[in-house]
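Written below as structure tokens is the structure these notes are about.
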Amino acid sequence: MADAATTRRFTPVPGCTRCTHLNTARRHAAATRDHSAETDARVLIRQHMRGAHGTELEEGWV
């Protein structure tokens with residue numbers, strides 16, 4: 001998507017329950033060292049941000 005904003009840091013969009021849910025899942029997976037679940041959550045976050053908010057997260061986003 002050429003006109004999407006690009007950012008290196010993920011911050012849940014205020015009021016977006018999907019962002020909040022995905023971020024909670026990612027943080028929980030990281031805290032419990034479940035690398036597979038963390039990767040899954042990161043992929044879903046990227047897809048969600050691109051599709052719902054028009055924001056492309058850069059490679060290596062945190």
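Convention: chains lettered A, B, ... in structure tokens order; per-chain residue numbering from 1; ligands numbered from 1 as shown.
For range 7-24 of chain A, the residues within 6 Å (counting only C-alpha atoms, excluding itself and residues fewer than 3 positions away along the chain) are Arg27, Leu57, Glu58, Trp61 and Val62 of chain A.
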Would you put the residues from that selection into a file with N, CA, C and O atoms, as a short mmCIF file (atom, residue, chain, number, x, y, z; two decimals), in the first residue's frame?
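Saved the output as result_28.cif:
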```cif
data_model
loop_
_atom_site.label_atom_id
_atom_site.label_comp_id
_atom_site.auth_asym_id
_atom_site.auth_seq_id
_atom_site.Cartn_x
_atom_site.Cartn_y
_atom_site.Cartn_z
N ARG A 27 2.09 -9.47 24.14
CA ARG A 27 2.85 -9.25 25.37
C ARG A 27 2.83 -10.48 26.28
O ARG A 27 3.84 -10.83 26.90
N LEU A 57 3.63 -1.30 9.46
CA LEU A 57 4.68 -1.39 10.47
C LEU A 57 5.96 -1.84 9.78
O LEU A 57 5.95 -2.80 9.01
N GLU A 58 7.05 -1.15 10.03
CA GLU A 58 8.33 -1.49 9.41
C GLU A 58 8.84 -2.82 9.91
O GLU A 58 8.48 -3.27 11.00
N TRP A 61 9.67 -3.93 13.81
CA TRP A 61 8.93 -3.05 14.72
C TRP A 61 8.86 -3.67 16.11
O TRP A 61 8.98 -4.85 16.30
N VAL A 62 8.72 -2.79 17.08
CA VAL A 62 8.65 -3.23 18.48
C VAL A 62 7.38 -2.74 19.12
O VAL A 62 6.74 -1.85 18.66
#
```
**OP:** Return as a PyMOL selection string the full set of residues in chain A whose backbone-based DSSP assignment is strand (DSSP E).
**Re:** chain A and resi 5-7+55-57
From a DSSP calculation on the backbone, collect every residue of chain A in alpha helix (DSSP H) and output the set as a PDB file with N, CA, C and O atoms, in the first residue's frame.
```pdb
ATOM      1  N   THR A  17     -10.574  -2.147  19.984  1.00  0.00           N
ATOM      2  CA  THR A  17     -10.488  -3.318  20.843  1.00  0.00           C
ATOM      3  C   THR A  17      -9.634  -4.420  20.216  1.00  0.00           C
ATOM      4  O   THR A  17      -8.976  -5.174  20.929  1.00  0.00           O
ATOM      5  N   ARG A  18      -9.618  -4.501  18.898  1.00  0.00           N
ATOM      6  CA  ARG A  18      -8.801  -5.524  18.232  1.00  0.00           C
ATOM      7  C   ARG A  18      -7.316  -5.245  18.466  1.00  0.00           C
ATOM      8  O   ARG A  18      -6.541  -6.162  18.755  1.00  0.00           O
ATOM      9  N   CYS A  19      -6.909  -3.983  18.355  1.00  0.00           N
ATOM     10  CA  CYS A  19      -5.516  -3.611  18.633  1.00  0.00           C
ATOM     11  C   CYS A  19      -5.140  -3.997  20.061  1.00  0.00           C
ATOM     12  O   CYS A  19      -4.080  -4.575  20.300  1.00  0.00           O
ATOM     13  N   THR A  20      -6.011  -3.660  20.985  1.00  0.00           N
ATOM     14  CA  THR A  20      -5.747  -3.943  22.397  1.00  0.00           C
ATOM     15  C   THR A  20      -5.632  -5.443  22.634  1.00  0.00           C
ATOM     16  O   THR A  20      -4.708  -5.907  23.306  1.00  0.00           O
ATOM     17  N   HIS A  21      -6.544  -6.197  22.066  1.00  0.00           N
ATOM     18  CA  HIS A  21      -6.536  -7.655  22.230  1.00  0.00           C
ATOM     19  C   HIS A  21      -5.257  -8.257  21.654  1.00  0.00           C
ATOM     20  O   HIS A  21      -4.607  -9.090  22.300  1.00  0.00           O
ATOM     21  N   LEU A  22      -4.896  -7.860  20.439  1.00  0.00           N
ATOM     22  CA  LEU A  22      -3.699  -8.413  19.808  1.00  0.00           C
ATOM     23  C   LEU A  22      -2.433  -8.034  20.569  1.00  0.00           C
ATOM     24  O   LEU A  22      -1.516  -8.850  20.716  1.00  0.00           O
ATOM     25  N   ASN A  23      -2.374  -6.813  21.068  1.00  0.00           N
ATOM     26  CA  ASN A  23      -1.206  -6.387  21.827  1.00  0.00           C
ATOM     27  C   ASN A  23      -1.098  -7.154  23.150  1.00  0.00           C
ATOM     28  O   ASN A  23      -0.009  -7.555  23.550  1.00  0.00           O
ATOM     29  N   THR A  24      -2.218  -7.388  23.788  1.00  0.00           N
ATOM     30  CA  THR A  24      -2.222  -8.166  25.030  1.00  0.00           C
ATOM     31  C   THR A  24      -1.735  -9.587  24.759  1.00  0.00           C
ATOM     32  O   THR A  24      -0.919 -10.127  25.520  1.00  0.00           O
ATOM     33  N   ALA A  25      -2.201 -10.179  23.671  1.00  0.00           N
ATOM     34  CA  ALA A  25      -1.773 -11.534  23.309  1.00  0.00           C
ATOM     35  C   ALA A  25      -0.273 -11.563  23.024  1.00  0.00           C
ATOM     36  O   ALA A  25       0.435 -12.486  23.456  1.00  0.00           O
ATOM     37  N   ARG A  26       0.236 -10.559  22.308  1.00  0.00           N
ATOM     38  CA  ARG A  26       1.662 -10.497  21.993  1.00  0.00           C
ATOM     39  C   ARG A  26       2.496 -10.362  23.255  1.00  0.00           C
ATOM     40  O   ARG A  26       3.484 -11.063  23.449  1.00  0.00           O
ATOM     41  N   ARG A  27       2.093  -9.472  24.141  1.00  0.00           N
ATOM     42  CA  ARG A  27       2.848  -9.246  25.375  1.00  0.00           C
ATOM     43  C   ARG A  27       2.826 -10.480  26.278  1.00  0.00           C
ATOM     44  O   ARG A  27       3.837 -10.827  26.895  1.00  0.00           O
ATOM     45  N   HIS A  28       1.680 -11.151  26.357  1.00  0.00           N
ATOM     46  CA  HIS A  28       1.579 -12.364  27.162  1.00  0.00           C
ATOM     47  C   HIS A  28       2.487 -13.452  26.596  1.00  0.00           C
ATOM     48  O   HIS A  28       3.201 -14.133  27.345  1.00  0.00           O
ATOM     49  N   ALA A  29       2.465 -13.611  25.292  1.00  0.00           N
ATOM     50  CA  ALA A  29       3.317 -14.624  24.662  1.00  0.00           C
ATOM     51  C   ALA A  29       4.792 -14.318  24.907  1.00  0.00           C
ATOM     52  O   ALA A  29       5.577 -15.226  25.201  1.00  0.00           O
ATOM     53  N   ALA A  30       5.167 -13.054  24.816  1.00  0.00           N
ATOM     54  CA  ALA A  30       6.562 -12.676  25.063  1.00  0.00           C
ATOM     55  C   ALA A  30       6.944 -12.945  26.517  1.00  0.00           C
ATOM     56  O   ALA A  30       8.030 -13.454  26.797  1.00  0.00           O
ATOM     57  N   ALA A  31       6.041 -12.621  27.430  1.00  0.00           N
ATOM     58  CA  ALA A  31       6.322 -12.795  28.856  1.00  0.00           C
ATOM     59  C   ALA A  31       6.466 -14.265  29.230  1.00  0.00           C
ATOM     60  O   ALA A  31       7.233 -14.606  30.128  1.00  0.00           O
ATOM     61  N   HIS A  35       7.421 -18.232  21.793  1.00  0.00           N
ATOM     62  CA  HIS A  35       7.860 -17.533  20.588  1.00  0.00           C
ATOM     63  C   HIS A  35       6.926 -17.749  19.396  1.00  0.00           C
ATOM     64  O   HIS A  35       6.750 -16.856  18.576  1.00  0.00           O
ATOM     65  N   SER A  36       6.332 -18.926  19.316  1.00  0.00           N
ATOM     66  CA  SER A  36       5.399 -19.197  18.226  1.00  0.00           C
ATOM     67  C   SER A  36       4.160 -18.306  18.339  1.00  0.00           C
ATOM     68  O   SER A  36       3.732 -17.683  17.365  1.00  0.00           O
ATOM     69  N   ALA A  37       3.585 -18.230  19.527  1.00  0.00           N
ATOM     70  CA  ALA A  37       2.403 -17.397  19.745  1.00  0.00           C
ATOM     71  C   ALA A  37       2.740 -15.921  19.571  1.00  0.00           C
ATOM     72  O   ALA A  37       1.922 -15.144  19.052  1.00  0.00           O
ATOM     73  N   GLU A  38       3.940 -15.527  19.975  1.00  0.00           N
ATOM     74  CA  GLU A  38       4.343 -14.135  19.807  1.00  0.00           C
ATOM     75  C   GLU A  38       4.452 -13.789  18.325  1.00  0.00           C
ATOM     76  O   GLU A  38       3.986 -12.732  17.885  1.00  0.00           O
ATOM     77  N   THR A  39       5.037 -14.680  17.548  1.00  0.00           N
ATOM     78  CA  THR A  39       5.138 -14.457  16.107  1.00  0.00           C
ATOM     79  C   THR A  39       3.759 -14.389  15.475  1.00  0.00           C
ATOM     80  O   THR A  39       3.491 -13.513  14.637  1.00  0.00           O
ATOM     81  N   ASP A  40       2.873 -15.293  15.862  1.00  0.00           N
ATOM     82  CA  ASP A  40       1.502 -15.267  15.337  1.00  0.00           C
ATOM     83  C   ASP A  40       0.830 -13.928  15.629  1.00  0.00           C
ATOM     84  O   ASP A  40       0.191 -13.337  14.752  1.00  0.00           O
ATOM     85  N   ALA A  41       0.971 -13.451  16.850  1.00  0.00           N
ATOM     86  CA  ALA A  41       0.349 -12.178  17.234  1.00  0.00           C
ATOM     87  C   ALA A  41       0.946 -11.022  16.438  1.00  0.00           C
ATOM     88  O   ALA A  41       0.227 -10.122  15.996  1.00  0.00           O
ATOM     89  N   ARG A  42       2.252 -11.047  16.231  1.00  0.00           N
ATOM     90  CA  ARG A  42       2.907  -9.978  15.465  1.00  0.00           C
ATOM     91  C   ARG A  42       2.403  -9.949  14.017  1.00  0.00           C
ATOM     92  O   ARG A  42       2.169  -8.885  13.455  1.00  0.00           O
ATOM     93  N   VAL A  43       2.231 -11.128  13.421  1.00  0.00           N
ATOM     94  CA  VAL A  43       1.702 -11.195  12.055  1.00  0.00           C
ATOM     95  C   VAL A  43       0.284 -10.632  12.017  1.00  0.00           C
ATOM     96  O   VAL A  43      -0.066  -9.837  11.133  1.00  0.00           O
ATOM     97  N   LEU A  44      -0.539 -11.027  12.970  1.00  0.00           N
ATOM     98  CA  LEU A  44      -1.918 -10.539  13.010  1.00  0.00           C
ATOM     99  C   LEU A  44      -1.971  -9.032  13.244  1.00  0.00           C
ATOM    100  O   LEU A  44      -2.816  -8.335  12.671  1.00  0.00           O
ATOM    101  N   ILE A  45      -1.071  -8.525  14.067  1.00  0.00           N
ATOM    102  CA  ILE A  45      -1.021  -7.077  14.309  1.00  0.00           C
ATOM    103  C   ILE A  45      -0.675  -6.350  13.018  1.00  0.00           C
ATOM    104  O   ILE A  45      -1.318  -5.363  12.661  1.00  0.00           O
ATOM    105  N   ARG A  46       0.339  -6.823  12.302  1.00  0.00           N
ATOM    106  CA  ARG A  46       0.724  -6.174  11.035  1.00  0.00           C
ATOM    107  C   ARG A  46      -0.441  -6.167  10.055  1.00  0.00           C
ATOM    108  O   ARG A  46      -0.721  -5.163   9.403  1.00  0.00           O
ATOM    109  N   GLN A  47      -1.109  -7.305   9.918  1.00  0.00           N
ATOM    110  CA  GLN A  47      -2.246  -7.399   9.000  1.00  0.00           C
ATOM    111  C   GLN A  47      -3.368  -6.458   9.431  1.00  0.00           C
ATOM    112  O   GLN A  47      -3.974  -5.782   8.595  1.00  0.00           O
ATOM    113  N   HIS A  48      -3.652  -6.429  10.708  1.00  0.00           N
ATOM    114  CA  HIS A  48      -4.715  -5.572  11.231  1.00  0.00           C
ATOM    115  C   HIS A  48      -4.388  -4.094  11.016  1.00  0.00           C
ATOM    116  O   HIS A  48      -5.235  -3.326  10.555  1.00  0.00           O
ATOM    117  N   MET A  49      -3.174  -3.709  11.341  1.00  0.00           N
ATOM    118  CA  MET A  49      -2.791  -2.302  11.193  1.00  0.00           C
ATOM    119  C   MET A  49      -2.861  -1.862   9.732  1.00  0.00           C
ATOM    120  O   MET A  49      -3.318  -0.759   9.425  1.00  0.00           O
ATOM    121  N   ARG A  50      -2.427  -2.721   8.827  1.00  0.00           N
ATOM    122  CA  ARG A  50      -2.466  -2.406   7.408  1.00  0.00           C
ATOM    123  C   ARG A  50      -3.913  -2.300   6.920  1.00  0.00           C
ATOM    124  O   ARG A  50      -4.275  -1.338   6.244  1.00  0.00           O
ATOM    125  N   GLY A  51      -4.728  -3.285   7.273  1.00  0.00           N
ATOM    126  CA  GLY A  51      -6.090  -3.338   6.750  1.00  0.00           C
ATOM    127  C   GLY A  51      -7.064  -2.380   7.418  1.00  0.00           C
ATOM    128  O   GLY A  51      -7.861  -1.731   6.749  1.00  0.00           O
ATOM    129  N   ALA A  52      -6.995  -2.274   8.728  1.00  0.00           N
ATOM    130  CA  ALA A  52      -7.978  -1.480   9.463  1.00  0.00           C
ATOM    131  C   ALA A  52      -7.569  -0.029   9.658  1.00  0.00           C
ATOM    132  O   ALA A  52      -8.429   0.846   9.760  1.00  0.00           O
ATOM    133  N   HIS A  53      -6.258   0.224   9.716  1.00  0.00           N
ATOM    134  CA  HIS A  53      -5.808   1.569  10.065  1.00  0.00           C
ATOM    135  C   HIS A  53      -4.909   2.218   9.010  1.00  0.00           C
ATOM    136  O   HIS A  53      -4.495   3.363   9.175  1.00  0.00           O
TER     137      HIS A  53
END
```
